[in-house]
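Colleague: Have a look at this one before I ask anything.
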Amino acid sequence: MSMTDPIADFLTRVRNGITAQHDVVEIPASGLKREMARILQEQGYISGYEVEDPAERPGKVLRVQLKYGEDRSSAIAGLKRASRPGQRYYVHAGAIPKVQGGMGTTIMSTSSGVMTGHEARAAGVGGEVVAFVW
């Protein structure tokens, strides 16, 4: 299986994990995915994450701990890929989209690193809109 869009794969695995009520999802690790997990944790969408180097298979694995409320409802209502390999989505600082009227989070990849749309707006940097979470 060739991975044309590892970020879409990351989002899909998290989405599927929530649907199946899993506590943990495992995703092939990369720098960008690790940063996305960091933002999801900082914004309270997941309880935690860790990067492991399992002996039984090549490559590092990103283990994401999903977060649920008392009623087993997920902390993540939705995940959407914004920029795609075939259609990149770049914006300048003034045009960073707000998610759900500011209730959600925009994940941006900027020249200053991976950050939320809010942080990018504050820093006055634009970049690639990677995904939306709410």
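Letters A, B, ... mark the chains of the structure tokens in the order given; residue numbers begin at 1 per chain; ligand numbers begin at 1, in order shown.
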Please tabulate, as a Markdown table, the residues of range 19-84 of chain A that come within 8 Å of range 88-103 of chain A, each with its closest pair of atoms and the distance in Å to one decimal, counting only C-alpha atoms and ordering rows by chain, then residue number upward.

Modeller:
```
| residue | atom | partner | partner_atom | distance |
| --- | --- | --- | --- | --- |
| A:Ala82 | CA | A:Tyr89 | CA | 6.6 |
| A:Ser83 | CA | A:Tyr89 | CA | 4.5 |
| A:Arg84 | CA | A:Arg88 | CA | 5.2 |
```

Colleague: With N, CA, C and O atoms kept, could you save the residues just selected as a short mmCIF file (atom, residue, chain, number, x, y, z; two decimals), in the first residue's frame?

Modeller:
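Result file is part.cif:
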```cif
data_model
loop_
_atom_site.label_atom_id
_atom_site.label_comp_id
_atom_site.auth_asym_id
_atom_site.auth_seq_id
_atom_site.Cartn_x
_atom_site.Cartn_y
_atom_site.Cartn_z
N ALA A 82 -7.41 19.69 5.28
CA ALA A 82 -7.60 20.92 4.51
C ALA A 82 -6.74 20.86 3.26
O ALA A 82 -7.23 20.75 2.14
N SER A 83 -5.42 20.91 3.45
CA SER A 83 -4.49 20.88 2.33
C SER A 83 -4.29 19.42 1.90
O SER A 83 -4.14 18.55 2.73
N ARG A 84 -4.33 19.17 0.61
CA ARG A 84 -4.12 17.81 0.13
C ARG A 84 -2.92 17.80 -0.82
O ARG A 84 -2.57 18.84 -1.38
#
```

Colleague: Leaving out Ala131 in chain A and any residue of its chain fewer than 4 positions from it, which residues lie within 9 Å of it when counting only C-alpha atoms, given as a list in words?

Modeller: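 So, after excluding close chain neighbours, the residues are Ile7, Ala8, Leu11, Leu79, Lys80, Arg81, Ala82, Ser83, Thr105, Thr106, Ile107 and Met108 of chain A.
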
Colleague: Just checking: using only C-alpha atoms, which residue out of A:Asp9, A:Glu70, A:Asp23, A:Glu128 ends up closest to Ile46 in chain A?

Modeller: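 Ranking A:Asp9, A:Glu70, A:Asp23, A:Glu128 by distance to Ile46 in chain A, first place goes to A:Asp23.
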
Colleague: Return the single residue from A:Thr110, A:Pro58, A:Ala77, A:Gly48 that is closest to Ala123 in chain A, with distances computed using only C-alpha atoms.

Modeller: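 Residue with the minimum atom-to-atom distance to Ala123 in chain A: A:Thr110.
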
Colleague: For Trp134 in chain A, work out the shell of residues within 6 Å, counting only C-alpha atoms and skipping chain neighbours fewer than 4 positions away, then give it as number ranges by chain.

Modeller: A: 76-78, 104

Colleague: So, with only C-alpha atoms as the atoms that count, which of A:Ala122, A:Phe132, A:Ala20, A:Asp5 lies closest to Tyr45 in chain A?

Modeller: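 Distance minimum relative to Tyr45 in chain A lands on A:Phe132.
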
Colleague: CA of Arg15 in chain A and CA of Gly44 in chain A are how many Å apart?

Modeller: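 If I compute the distance from CA of Arg15 in chain A to CA of Gly44 in chain A, I get 15.7 Å.
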